[in-house]
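For reference, the structure is listed below as structure tokens.
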Amino acid sequence: MKFTSVSAEKDKSESPEGNQAGKREQTKLANRAAILEAGRQIFAELGYEGTTVRDIIRRTELASGTFYNYFKSKEEVFHALHDDGLARFKPLLRAARESAGQDFQGFMITAFRAYFNFLLNDQSVDREMAAMPDWTRVRFDTPESLALFDELKSDIVAFATEFNLDQVDPELLTASCIGIAQEIGDRLLRGRIKDIEAAARFAAYFVLGGSQRVQSEMQA
């Protein structure tokens, strides 16, 4: 059996080859971050439709060939920005689930509140683009989007079972929650709605009241 000492491992990591690999990885991360930040700025200035790959590249100090090592199109840049935002929001949704315990209404209010606060406080492309007069939502499904949908759906299924809402389609209920959150969130970003707490409670009561009505109608 062959053992490698700690000092030997350290010597290996500090070797020219190890240092070179580390620098390459740092360069990759820096290049990707530069492209995403340039994309965020350009999307905010020109809108999604008005932005081109050339616009994004010009905002960086990178060659066009370098850009295509990371992304094939502006769509991929936009998707990456979107997914980075969802990755930051996921822990907030999980915290809302944990803090609610067995309280479905509490979970709904906390989840909507967390999302609205996230929109207003996180530096994401959606917030920047929402300020543009001709802004329209770009619809797409990414792995992060689908994963977040499934995670929220699993939470709703658990609560629906406990609260005797078994007649309510969880797919429809989850889609409704996300749609309501997006529409109210858009108006919060535009300043047309000011009170986050009132918005969160309205959304939660609307969802729960509608769910109970659906359950009642299905049982009739």
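Ligands are numbered from 1 in the order shown, chains are lettered A, B, ... in the order of the structure tokens, and residues start at 1 in each chain.
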Please identify all polymer residues within 7 Å of range 59-70 of chain A, counting only C-alpha atoms, omitting same-chain residues fewer than 5 positions from it, and present them as a list in words.
->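 Surrounding residues, per the criterion: Arg32, Ala34, Ile35 and Ala38 of chain A.
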Which residues come within 8 Å of Ala199 in chain A, counting only C-alpha atoms, excluding same-chain residues fewer than 5 positions away, as an MDAnalysis selection string?
-> chainID A and resid 113 184 193
Write a file of the selected residues as a PDB file, in the first residue's frame, keeping C-alpha atoms.
ATOM      1  CA  ARG A 113     -42.679  37.721   0.913  1.00  0.00           C
ATOM      2  CA  ILE A 184     -47.140  41.005  -8.647  1.00  0.00           C
ATOM      3  CA  ILE A 193     -47.275  48.276  -5.882  1.00  0.00           C
TER       4      ILE A 193
END
Determine, counting only C-alpha atoms, which protein, DNA and RNA residues have an atom within 9 Å of an atom of Thr51 in chain A; residues of the same chain fewer than 6 positions away are not included. Present the result as a VMD selection string.
-> chain A and resid 39 42 to 43 45 74
Show me, as a PDB file with all heavy atoms, in the first residue's frame, the residues that have an atom within 8 Å of Leu120 in chain A when counting only C-alpha atoms, minus same-chain residues fewer than 3 positions from it.
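selection.pdb was written with the following content:
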ATOM      1  N   PHE A 116     -40.650  38.451  -3.147  1.00  0.00           N
ATOM      2  CA  PHE A 116     -40.770  39.880  -3.438  1.00  0.00           C
ATOM      3  C   PHE A 116     -39.573  40.651  -2.902  1.00  0.00           C
ATOM      4  O   PHE A 116     -39.041  41.548  -3.566  1.00  0.00           O
ATOM      5  CB  PHE A 116     -42.074  40.430  -2.858  1.00  0.00           C
ATOM      6  CG  PHE A 116     -43.313  39.823  -3.453  1.00  0.00           C
ATOM      7  CD1 PHE A 116     -44.480  39.711  -2.705  1.00  0.00           C
ATOM      8  CD2 PHE A 116     -43.321  39.355  -4.764  1.00  0.00           C
ATOM      9  CE1 PHE A 116     -45.625  39.145  -3.257  1.00  0.00           C
ATOM     10  CE2 PHE A 116     -44.456  38.786  -5.326  1.00  0.00           C
ATOM     11  CZ  PHE A 116     -45.616  38.679  -4.561  1.00  0.00           C
ATOM     12  N   ASN A 117     -39.127  40.310  -1.700  1.00  0.00           N
ATOM     13  CA  ASN A 117     -37.938  40.960  -1.151  1.00  0.00           C
ATOM     14  C   ASN A 117     -36.703  40.635  -1.983  1.00  0.00           C
ATOM     15  O   ASN A 117     -35.836  41.495  -2.196  1.00  0.00           O
ATOM     16  CB  ASN A 117     -37.705  40.520   0.300  1.00  0.00           C
ATOM     17  CG  ASN A 117     -38.514  41.329   1.288  1.00  0.00           C
ATOM     18  OD1 ASN A 117     -38.511  42.555   1.258  1.00  0.00           O
ATOM     19  ND2 ASN A 117     -39.211  40.656   2.193  1.00  0.00           N
ATOM     20  N   ARG A 127     -34.575  42.665 -12.674  1.00  0.00           N
ATOM     21  CA  ARG A 127     -34.855  43.947 -12.055  1.00  0.00           C
ATOM     22  C   ARG A 127     -34.413  45.089 -12.959  1.00  0.00           C
ATOM     23  O   ARG A 127     -35.098  46.100 -13.101  1.00  0.00           O
ATOM     24  CB  ARG A 127     -34.149  44.044 -10.702  1.00  0.00           C
ATOM     25  CG  ARG A 127     -34.447  45.355 -10.003  1.00  0.00           C
ATOM     26  CD  ARG A 127     -33.749  45.475  -8.675  1.00  0.00           C
ATOM     27  NE  ARG A 127     -34.112  46.736  -8.043  1.00  0.00           N
ATOM     28  CZ  ARG A 127     -33.590  47.180  -6.927  1.00  0.00           C
ATOM     29  NH1 ARG A 127     -32.690  46.467  -6.298  1.00  0.00           N
ATOM     30  NH2 ARG A 127     -33.966  48.332  -6.410  1.00  0.00           N
ATOM     31  N   LEU A 188     -44.246  45.367  -8.420  1.00  0.00           N
ATOM     32  CA  LEU A 188     -43.413  45.873  -7.328  1.00  0.00           C
ATOM     33  C   LEU A 188     -42.140  46.512  -7.878  1.00  0.00           C
ATOM     34  O   LEU A 188     -41.721  47.584  -7.434  1.00  0.00           O
ATOM     35  CB  LEU A 188     -43.048  44.734  -6.369  1.00  0.00           C
ATOM     36  CG  LEU A 188     -44.118  44.313  -5.358  1.00  0.00           C
ATOM     37  CD1 LEU A 188     -43.751  42.967  -4.739  1.00  0.00           C
ATOM     38  CD2 LEU A 188     -44.278  45.367  -4.269  1.00  0.00           C
ATOM     39  N   LEU A 189     -41.534  45.864  -8.858  1.00  0.00           N
ATOM     40  CA  LEU A 189     -40.314  46.391  -9.463  1.00  0.00           C
ATOM     41  C   LEU A 189     -40.562  47.717 -10.165  1.00  0.00           C
ATOM     42  O   LEU A 189     -39.711  48.607 -10.164  1.00  0.00           O
ATOM     43  CB  LEU A 189     -39.749  45.379 -10.465  1.00  0.00           C
ATOM     44  CG  LEU A 189     -39.096  44.130  -9.867  1.00  0.00           C
ATOM     45  CD1 LEU A 189     -38.814  43.109 -10.957  1.00  0.00           C
ATOM     46  CD2 LEU A 189     -37.810  44.489  -9.149  1.00  0.00           C
TER      47      LEU A 189
END
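When CA of Thr27 in chain A is paired with CA of Arg54 in chain A, their separation reads 21.1 Å.
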Choose the residue, out of A:Asp195, A:Asp166, A:Glu171, A:Glu25, that has the smallest atom-to-atom separation from Ser216 in chain A; count only C-alpha atoms.
->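 Closest candidate: A:Asp166.
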Secondary structure check, alpha helix (DSSP H) residues of chain A, as an MDAnalysis selection string | chainID A and resid 6:13 16:50 53:59 64:70 74:100 104:121 125:130 143:162 170:189 196:219
